[in-house]
Amino acid sequence: MTSFRPLCTIKNGILLDLIGGNGPLKVISLQEPVLRSLAERYRHQDPQTVSLFGSHPGNEEDWRRRADWLDRLEPARADRERLANALRQYQNRLPAHPAASRSLDLLGRPGSLVVVGGQQAGLFGGALLIFYKALTVIQAARRAEIQLGRPVVPVFWIAGEDHDFDEANHVYVQETDGSARRIRIERPEGFRRAVSRTPLAPEDWEQALTELADTLPDTEFKSGLLSGLRSHASDSPTLSLAFARLLAEWFGQDGLVLLDADDPELRALEAPMFRELIERNDDLEQALRRGESAVTEMGYPLQAETAPGSASLFLHHDLGRLLLSKEEGRFTDRKGTVSLARDELLAFTEDAPDRLSTNALSRPLMQDFLLPVLAAVLGPSELAYWGVLGPAFETFGMQMPILVPRQSFTYMEPSLHKLLDKYGLTPEQAMKEWEERKAKWLAAQDRWDLDGTFAQAKSQFIASYAPVIETVSKLQPGLADLSQRNRDKILEQIAYLESRSREAFERQHDAALRQWDRIRSSLAPGGKPQERVYGTLHFLNLYGPDWLNLFRDVPYEATGSHRLVEMA
């Protein structure tokens, strides 16, 4: 593995990371949210919340205890040599890098450990948060390797078994006018199969690449970026495989090992654990119930409540990926497509383990059986549902790995500084108070007091018109409705004039309002976190491959706070 290089200095309370050739990079911690959620309280080491998990990344001794536990449990896990060979076969389908090959060699040897993080695939690399999760996996593995003095391999677990194609089939990039545009591949017709089992046609990829080329702004990096993406898609791969190729390109030099959860070679290794999950399925369900009770008793909502009778397993079928539950001693899906006795389901573990797959709550157990997991990198939602898993790990003779919160960033483009200064905004205000601040600024430009003027005019008109309504109503009762309709029509005309006046006023400030929109579209597009909207691709097109290197040496933070990254 690459050794950890803390290239940061501190000046005036701000971390400055000195990146060769790019100048200093500012990394600024942003204000923490109110500590209400399970994930937030865990990050801040609230003792009661940490008790759900049994360890915390901020406690150095927990890392040593976990490593010792893994050493003792070595015989109970999947065979290392077979694991390394299976992953090597998969890695052969990806861009090769010597560092990734060395990581696989280390993984096959006794004594090495793993930091793992996973995600559903994303078209053309998906959202920034995926990039940040892989980065966190690598940095956490580096830090643990130094701390423990033994090899720690970074592994990215691609959830290729997931059948939610619409979660994987798109990426957002910014158009030249600053708006976010979604590039997507339509799901092929037919049943919903695992993403790794959903074939795509050459025209699917060509259409997406053409739309991407038409949308991305022209830069010096665009041609090379598109060329690389075309290369990855040249054999019309699945979304999962194309995604793995891109991550291997980005992080191969960091020794990142890619794994597809739906890989048949891995399924064969997982067969013993599948057998145990089936044989002891009632124990698993009861353990999850106990975990849910522990979470709710602390006042936290459940991220994903287990349905009564849930087996927490899927079956890959000709009609798609079917979620299994238990009814009258048999395993069946919601529509009754299949109905299997326990022994029939167990037979799959011997004859066709690739027909089986885990769900979100059983996957962590399978992951711990397959890999020597020192730590798992999780996002906030994942931390929330892992909170119920303590009893399940214990039931199967396991201990939960150390859970490392994914690092979270907002990247501020260099051109944004002048705009923030111009309108007296801090980055946090731009992200959290944009609408309020924009409205306040716009009101300050209104030297005519349009709102007040029209409000007064409408009020005075209503007051002066009231005697008219009263008089004509006395003259002839039938005229009351007519007079009120007449009043309302006049008010509509005043409102129309107000609207046109507002439009004329905003046209006078059109350039400034576009700048306000530019601020928001960059830092919080549509009012959402930047990392959940824009793809990594967007920034690679603007700034080239060196942009990735800016993050390689951002100081690692074990508790994963939200930080602003910008060029000094």
# chains A, B, ... in the order shown; residues from 1 in each chain; ligands from 1

$ residues_around --residues "Glu428 in chain A" --least-positions-apart "2" --cutoff "10 Å" --atoms "only C-alpha atoms" --output "MDAnalysis selection string"
chainID A and resid 30:31 425:426 430:434 523 564

$ closest_atom_pairs --of "range 370-407 of chain A" --to "range 75-81 of chain A" --cutoff "10 Å" --atoms "only C-alpha atoms" --output "JSON lines"
{"residue": "A:Leu370", "atom": "CA", "partner": "A:Ala78", "partner_atom": "CA", "distance": 5.1}
{"residue": "A:Leu371", "atom": "CA", "partner": "A:Arg77", "partner_atom": "CA", "distance": 7.2}
{"residue": "A:Pro372", "atom": "CA", "partner": "A:Arg77", "partner_atom": "CA", "distance": 7.7}
{"residue": "A:Gly397", "atom": "CA", "partner": "A:Ala76", "partner_atom": "CA", "distance": 9.6}
{"residue": "A:Met398", "atom": "CA", "partner": "A:Ala76", "partner_atom": "CA", "distance": 9.8}

$ write_last_selection --atoms "C-alpha atoms" --output "PDB file, in the first residue's frame"
ATOM      1  CA  LEU A 370     -16.095 -13.298   3.220  1.00  0.00           C
ATOM      2  CA  LEU A 371     -13.508 -10.676   4.233  1.00  0.00           C
ATOM      3  CA  PRO A 372     -11.357  -9.951   7.305  1.00  0.00           C
ATOM      4  CA  GLY A 397     -20.718 -15.633  16.541  1.00  0.00           C
ATOM      5  CA  MET A 398     -19.426 -12.415  15.027  1.00  0.00           C
TER       6      MET A 398
END

$ residues_around --residues "range 291-301 of chain A" --least-positions-apart "4" --cutoff "10 Å" --atoms "only C-alpha atoms" --output "list in words"
Arg36, Ser37, Leu38, Gln48, Thr49, Leu52, Glu285, Gln286, Ala287, Glu305, Thr306, Ala384, Tyr385, Trp386, Gly387, Val388, Leu389, Gly390, Pro391 and Ala392 of chain A

$ write_last_selection --atoms "N, CA and C atoms" --output "CSV table (one decimal), in the first residue's frame"
chain,number,residue,atom,x,y,z
A,36,ARG,N,-29.0,15.2,16.4
A,36,ARG,CA,-30.3,14.5,16.6
A,36,ARG,C,-30.3,13.1,16.1
A,37,SER,N,-29.8,12.9,14.9
A,37,SER,CA,-29.9,11.6,14.3
A,37,SER,C,-28.9,10.6,14.9
A,38,LEU,N,-29.2,9.4,14.7
A,38,LEU,CA,-28.3,8.3,15.2
A,38,LEU,C,-26.9,8.4,14.6
A,48,GLN,N,-24.2,6.2,24.7
A,48,GLN,CA,-25.3,5.4,24.5
A,48,GLN,C,-25.5,4.9,23.1
A,49,THR,N,-25.2,5.8,22.1
A,49,THR,CA,-25.3,5.4,20.7
A,49,THR,C,-24.2,4.5,20.3
A,52,LEU,N,-24.6,0.7,20.7
A,52,LEU,CA,-25.3,-0.1,19.7
A,52,LEU,C,-24.3,-0.8,18.8
A,285,GLU,N,-34.1,-13.4,12.2
A,285,GLU,CA,-35.3,-12.5,12.4
A,285,GLU,C,-35.5,-12.0,13.8
A,286,GLN,N,-35.3,-12.9,14.8
A,286,GLN,CA,-35.5,-12.5,16.2
A,286,GLN,C,-34.4,-11.6,16.6
A,287,ALA,N,-33.1,-11.8,16.1
A,287,ALA,CA,-32.0,-10.9,16.4
A,287,ALA,C,-32.3,-9.5,15.9
A,305,GLU,N,-37.4,-1.0,8.6
A,305,GLU,CA,-38.0,-2.0,9.5
A,305,GLU,C,-38.3,-3.3,8.9
A,306,THR,N,-37.9,-4.4,9.6
A,306,THR,CA,-38.1,-5.7,9.0
A,306,THR,C,-39.5,-6.1,9.1
A,384,ALA,N,-27.4,4.3,10.2
A,384,ALA,CA,-28.7,4.2,10.9
A,384,ALA,C,-29.2,2.8,10.8
A,385,TYR,N,-29.2,2.1,9.7
A,385,TYR,CA,-29.7,0.7,9.7
A,385,TYR,C,-28.7,-0.3,10.2
A,386,TRP,N,-27.4,0.0,10.2
A,386,TRP,CA,-26.5,-0.9,10.9
A,386,TRP,C,-26.7,-0.9,12.4
A,387,GLY,N,-27.4,0.2,12.9
A,387,GLY,CA,-27.6,0.3,14.4
A,387,GLY,C,-28.4,-0.9,14.9
A,388,VAL,N,-29.2,-1.6,14.1
A,388,VAL,CA,-30.0,-2.7,14.6
A,388,VAL,C,-29.3,-4.1,14.5
A,389,LEU,N,-28.0,-4.1,14.0
A,389,LEU,CA,-27.4,-5.3,13.6
A,389,LEU,C,-26.6,-6.0,14.7
A,390,GLY,N,-26.4,-5.3,15.8
A,390,GLY,CA,-25.5,-5.8,16.9
A,390,GLY,C,-26.0,-7.2,17.3
A,391,PRO,N,-27.2,-7.4,17.7
A,391,PRO,CA,-27.7,-8.8,18.1
A,391,PRO,C,-27.5,-9.8,17.0
A,392,ALA,N,-27.6,-9.4,15.7
A,392,ALA,CA,-27.5,-10.4,14.6
A,392,ALA,C,-26.0,-10.9,14.5

$ atom_distance --atom1 "CA of Ser240 in chain A" --atom2 "CA of Ala39 in chain A"
28.0 Å

$ residues_around --residues "Ala180 in chain A" --least-positions-apart "3" --cutoff "9 Å" --atoms "only C-alpha atoms" --output "JSON list (two decimals) with C-alpha atoms, in the first residue's frame"
[["chain", "number", "residue", "atom", "x", "y", "z"],
["A", 172, "TYR", "CA", -25.93, 14.61, -13.16],
["A", 173, "VAL", "CA", -23.61, 17.09, -14.83],
["A", 174, "GLN", "CA", -23.80, 20.86, -15.13],
["A", 175, "GLU", "CA", -24.78, 22.41, -18.45],
["A", 177, "ASP", "CA", -26.10, 27.65, -18.36],
["A", 521, "SER", "CA", -26.16, 25.65, -8.70],
["A", 525, "PRO", "CA", -27.89, 22.51, -6.77],
["A", 526, "GLY", "CA", -31.64, 22.55, -6.30],
["A", 533, "VAL", "CA", -26.26, 15.66, -7.20],
["A", 534, "TYR", "CA", -23.21, 16.22, -9.38]]

$ residues_around --residues "range 202-216 of chain A" --least-positions-apart "2" --cutoff "9 Å" --atoms "only C-alpha atoms" --output "VMD selection string"
chain A and resid 173 to 176 181 183 to 186 200 218 to 219 222 to 223 226 229 to 230 233 to 237 538 541

$ select_by_dssp --residues "range 505-548 of chain A" --states "helix (DSSP H, G or I)" --output "PyMOL selection string"
chain A and resi 505-508+510-523+525-527+530-533+536-543+546-548

$ select_by_dssp --residues "range 193-349 of chain A" --states "strand (DSSP E or B)" --output "ChimeraX atom specification"
/A:257-260,310-317,320-327,330-333,339-341

$ write_last_selection --atoms "C-alpha atoms" --output "compact mmCIF listing (two decimals), in the first residue's frame"
# COMPACT_ATOMS: atom_id res chain seq x y z
CA VAL A 257 -9.54 -3.67 -4.85
CA LEU A 258 -12.93 -3.81 -6.60
CA LEU A 259 -15.49 -6.49 -5.79
CA ASP A 260 -18.90 -7.17 -7.34
CA SER A 310 -38.84 -11.60 6.37
CA ALA A 311 -36.03 -13.99 5.46
CA SER A 312 -33.63 -11.12 4.62
CA LEU A 313 -32.65 -13.07 1.50
CA PHE A 314 -33.34 -12.82 -2.23
CA LEU A 315 -33.66 -15.50 -4.90
CA HIS A 316 -32.55 -14.80 -8.47
CA HIS A 317 -35.33 -16.16 -10.65
CA GLY A 320 -36.42 -11.26 -11.56
CA ARG A 321 -34.83 -10.92 -8.12
CA LEU A 322 -37.41 -12.05 -5.59
CA LEU A 323 -37.43 -11.06 -1.91
CA LEU A 324 -38.15 -14.11 0.25
CA SER A 325 -40.30 -14.37 3.35
CA LYS A 326 -41.49 -17.29 5.47
CA GLU A 327 -45.03 -18.63 5.39
CA ARG A 330 -41.81 -22.41 3.47
CA PHE A 331 -39.87 -19.64 1.74
CA THR A 332 -41.95 -17.65 -0.70
CA ASP A 333 -42.01 -14.27 -2.43
CA SER A 339 -42.64 -21.63 -2.64
CA LEU A 340 -39.68 -23.60 -1.36
CA ALA A 341 -39.19 -25.89 1.59

$ residues_around --residues "Gln120 in chain A" --least-positions-apart "4" --cutoff "9 Å" --atoms "only C-alpha atoms" --output "VMD selection string"
chain A and resid 130 157 to 162 164 167 to 168 195 240

$ write_last_selection --atoms "C-alpha atoms" --output "tab-separated table (two decimals), in the first residue's frame"
chain	number	residue	atom	x	y	z
A	130	ILE	CA	-19.34	7.54	-4.25
A	157	TRP	CA	-17.91	-3.58	-2.56
A	158	ILE	CA	-20.11	-2.91	-5.60
A	159	ALA	CA	-23.71	-3.89	-4.86
A	160	GLY	CA	-24.20	-5.48	-8.27
A	161	GLU	CA	-26.86	-7.82	-6.88
A	162	ASP	CA	-29.20	-4.87	-6.28
A	164	ASP	CA	-32.92	-1.06	-8.43
A	167	GLU	CA	-30.71	4.07	-8.75
A	168	ALA	CA	-27.69	3.16	-10.89
A	195	VAL	CA	-27.95	-4.64	-12.16
A	240	SER	CA	-21.73	-2.49	-12.69

$ closest_residue --among "A:Lys438, A:Arg267, A:Arg64, A:Arg290" --to "Asp517 in chain A" --atoms "only C-alpha atoms"
A:Lys438

$ residues_around --residues "range 343-354 of chain A" --least-positions-apart "5" --cutoff "9 Å" --atoms "only C-alpha atoms" --output "mmCIF file with N, CA and C atoms, in the first residue's frame"
data_model
loop_
_atom_site.group_PDB
_atom_site.id
_atom_site.type_symbol
_atom_site.label_atom_id
_atom_site.label_comp_id
_atom_site.auth_asym_id
_atom_site.auth_seq_id
_atom_site.Cartn_x
_atom_site.Cartn_y
_atom_site.Cartn_z
ATOM 1 N N ASP A 262 -22.239 -9.666 -6.866
ATOM 2 C CA ASP A 262 -22.959 -10.666 -7.649
ATOM 3 C C ASP A 262 -22.020 -11.562 -8.454
ATOM 4 N N ASP A 263 -20.734 -11.506 -8.165
ATOM 5 C CA ASP A 263 -19.747 -12.321 -8.867
ATOM 6 C C ASP A 263 -19.978 -13.796 -8.537
ATOM 7 N N PRO A 264 -20.205 -14.660 -9.541
ATOM 8 C CA PRO A 264 -20.455 -16.093 -9.268
ATOM 9 C C PRO A 264 -19.318 -16.765 -8.495
ATOM 10 N N GLU A 265 -18.074 -16.333 -8.735
ATOM 11 C CA GLU A 265 -16.949 -16.930 -8.013
ATOM 12 C C GLU A 265 -17.047 -16.641 -6.514
ATOM 13 N N LEU A 266 -17.496 -15.446 -6.178
ATOM 14 C CA LEU A 266 -17.677 -15.115 -4.767
ATOM 15 C C LEU A 266 -18.870 -15.860 -4.174
ATOM 16 N N ARG A 267 -19.924 -16.002 -4.962
ATOM 17 C CA ARG A 267 -21.098 -16.727 -4.478
ATOM 18 C C ARG A 267 -20.719 -18.144 -4.039
ATOM 19 N N ALA A 268 -19.838 -18.787 -4.786
ATOM 20 C CA ALA A 268 -19.408 -20.138 -4.420
ATOM 21 C C ALA A 268 -18.716 -20.131 -3.057
ATOM 22 N N LEU A 269 -17.925 -19.093 -2.781
ATOM 23 C CA LEU A 269 -17.254 -18.979 -1.488
ATOM 24 C C LEU A 269 -18.237 -18.679 -0.362
ATOM 25 N N GLU A 270 -19.331 -18.018 -0.691
ATOM 26 C CA GLU A 270 -20.306 -17.607 0.316
ATOM 27 C C GLU A 270 -21.294 -18.709 0.696
ATOM 28 N N ALA A 271 -21.254 -19.831 -0.014
ATOM 29 C CA ALA A 271 -22.244 -20.888 0.194
ATOM 30 C C ALA A 271 -22.397 -21.317 1.658
ATOM 31 N N PRO A 272 -21.302 -21.513 2.419
ATOM 32 C CA PRO A 272 -21.493 -21.919 3.824
ATOM 33 C C PRO A 272 -22.268 -20.897 4.649
ATOM 34 N N MET A 273 -22.039 -19.611 4.392
ATOM 35 C CA MET A 273 -22.756 -18.587 5.145
ATOM 36 C C MET A 273 -24.218 -18.530 4.715
ATOM 37 N N PHE A 274 -24.482 -18.709 3.428
ATOM 38 C CA PHE A 274 -25.873 -18.776 2.985
ATOM 39 C C PHE A 274 -26.593 -19.930 3.686
ATOM 40 N N ARG A 275 -25.889 -21.039 3.809
ATOM 41 C CA ARG A 275 -26.500 -22.197 4.475
ATOM 42 C C ARG A 275 -26.882 -21.856 5.918
ATOM 43 N N ILE A 278 -29.895 -19.591 6.152
ATOM 44 C CA ILE A 278 -31.156 -20.289 5.880
ATOM 45 C C ILE A 278 -31.536 -21.177 7.066
ATOM 46 N N GLU A 279 -30.567 -21.957 7.549
ATOM 47 C CA GLU A 279 -30.857 -22.876 8.650
ATOM 48 C C GLU A 279 -31.278 -22.138 9.922
ATOM 49 N N LEU A 315 -33.891 -14.401 -3.960
ATOM 50 C CA LEU A 315 -33.660 -15.496 -4.898
ATOM 51 C C LEU A 315 -33.653 -14.927 -6.306
ATOM 52 N N HIS A 316 -32.584 -15.202 -7.058
ATOM 53 C CA HIS A 316 -32.547 -14.801 -8.471
ATOM 54 C C HIS A 316 -33.361 -15.818 -9.273
ATOM 55 N N PHE A 331 -40.412 -20.921 2.190
ATOM 56 C CA PHE A 331 -39.865 -19.636 1.743
ATOM 57 C C PHE A 331 -40.569 -19.255 0.446
#

$ closest_residue --among "A:Ala444, A:Leu123, A:Val137, A:Val155" --to "Tyr556 in chain A" --atoms "only C-alpha atoms"
A:Val137

$ closest_residue --among "A:Arg66, A:Arg193, A:Lys133, A:Arg355" --to "Val114 in chain A" --atoms "only C-alpha atoms"
A:Arg66

$ closest_residue --among "A:Ser459, A:Thr559, A:Thr395, A:Gln147" --to "Arg280 in chain A" --atoms "only C-alpha atoms"
A:Thr395

$ closest_residue --among "A:Ser196, A:Gln139, A:Leu497, A:Val404" --to "His44 in chain A" --atoms "only C-alpha atoms"
A:Val404

$ decode --residues "range 79-98 of chain A" --atoms "N, CA and C atoms" --output "CSV table (one decimal), in the first residue's frame"
chain,number,residue,atom,x,y,z
A,79,ASP,N,-12.0,-19.0,2.7
A,79,ASP,CA,-10.6,-19.3,2.4
A,79,ASP,C,-10.0,-18.1,1.7
A,80,ARG,N,-8.9,-17.6,2.3
A,80,ARG,CA,-8.2,-16.4,1.7
A,80,ARG,C,-7.7,-16.6,0.3
A,81,GLU,N,-7.1,-17.7,0.1
A,81,GLU,CA,-6.4,-18.0,-1.2
A,81,GLU,C,-7.5,-18.0,-2.3
A,82,ARG,N,-8.6,-18.7,-2.0
A,82,ARG,CA,-9.7,-18.8,-3.0
A,82,ARG,C,-10.3,-17.4,-3.2
A,83,LEU,N,-10.4,-16.7,-2.1
A,83,LEU,CA,-10.9,-15.3,-2.2
A,83,LEU,C,-10.1,-14.4,-3.1
A,84,ALA,N,-8.8,-14.4,-2.8
A,84,ALA,CA,-7.9,-13.6,-3.6
A,84,ALA,C,-7.9,-14.0,-5.1
A,85,ASN,N,-8.0,-15.3,-5.4
A,85,ASN,CA,-8.1,-15.8,-6.8
A,85,ASN,C,-9.4,-15.3,-7.5
A,86,ALA,N,-10.5,-15.4,-6.7
A,86,ALA,CA,-11.7,-14.9,-7.3
A,86,ALA,C,-11.7,-13.5,-7.6
A,87,LEU,N,-11.2,-12.7,-6.7
A,87,LEU,CA,-11.1,-11.2,-6.9
A,87,LEU,C,-10.1,-10.9,-8.0
A,88,ARG,N,-9.0,-11.7,-8.2
A,88,ARG,CA,-8.1,-11.5,-9.2
A,88,ARG,C,-8.7,-11.7,-10.6
A,89,GLN,N,-9.6,-12.7,-10.7
A,89,GLN,CA,-10.3,-13.0,-11.9
A,89,GLN,C,-11.1,-11.8,-12.3
A,90,TYR,N,-11.8,-11.2,-11.3
A,90,TYR,CA,-12.7,-10.1,-11.6
A,90,TYR,C,-11.8,-8.9,-12.0
A,91,GLN,N,-10.7,-8.7,-11.2
A,91,GLN,CA,-9.8,-7.5,-11.5
A,91,GLN,C,-9.2,-7.6,-12.9
A,92,ASN,N,-9.1,-8.8,-13.5
A,92,ASN,CA,-8.6,-8.9,-14.8
A,92,ASN,C,-9.5,-8.3,-15.9
A,93,ARG,N,-10.7,-8.0,-15.5
A,93,ARG,CA,-11.6,-7.4,-16.4
A,93,ARG,C,-11.6,-5.9,-16.3
A,94,LEU,N,-10.7,-5.3,-15.5
A,94,LEU,CA,-10.7,-3.9,-15.2
A,94,LEU,C,-9.3,-3.4,-15.6
A,95,PRO,N,-9.2,-2.0,-15.7
A,95,PRO,CA,-7.8,-1.5,-15.9
A,95,PRO,C,-6.8,-1.9,-14.9
A,96,ALA,N,-5.7,-2.4,-15.3
A,96,ALA,CA,-4.7,-3.0,-14.3
A,96,ALA,C,-3.8,-1.9,-13.8
A,97,HIS,N,-3.5,-2.1,-12.5
A,97,HIS,CA,-2.5,-1.2,-11.9
A,97,HIS,C,-1.7,-2.1,-10.9
A,98,PRO,N,-0.3,-1.9,-10.9
A,98,PRO,CA,0.5,-2.8,-10.0
A,98,PRO,C,0.1,-2.6,-8.5
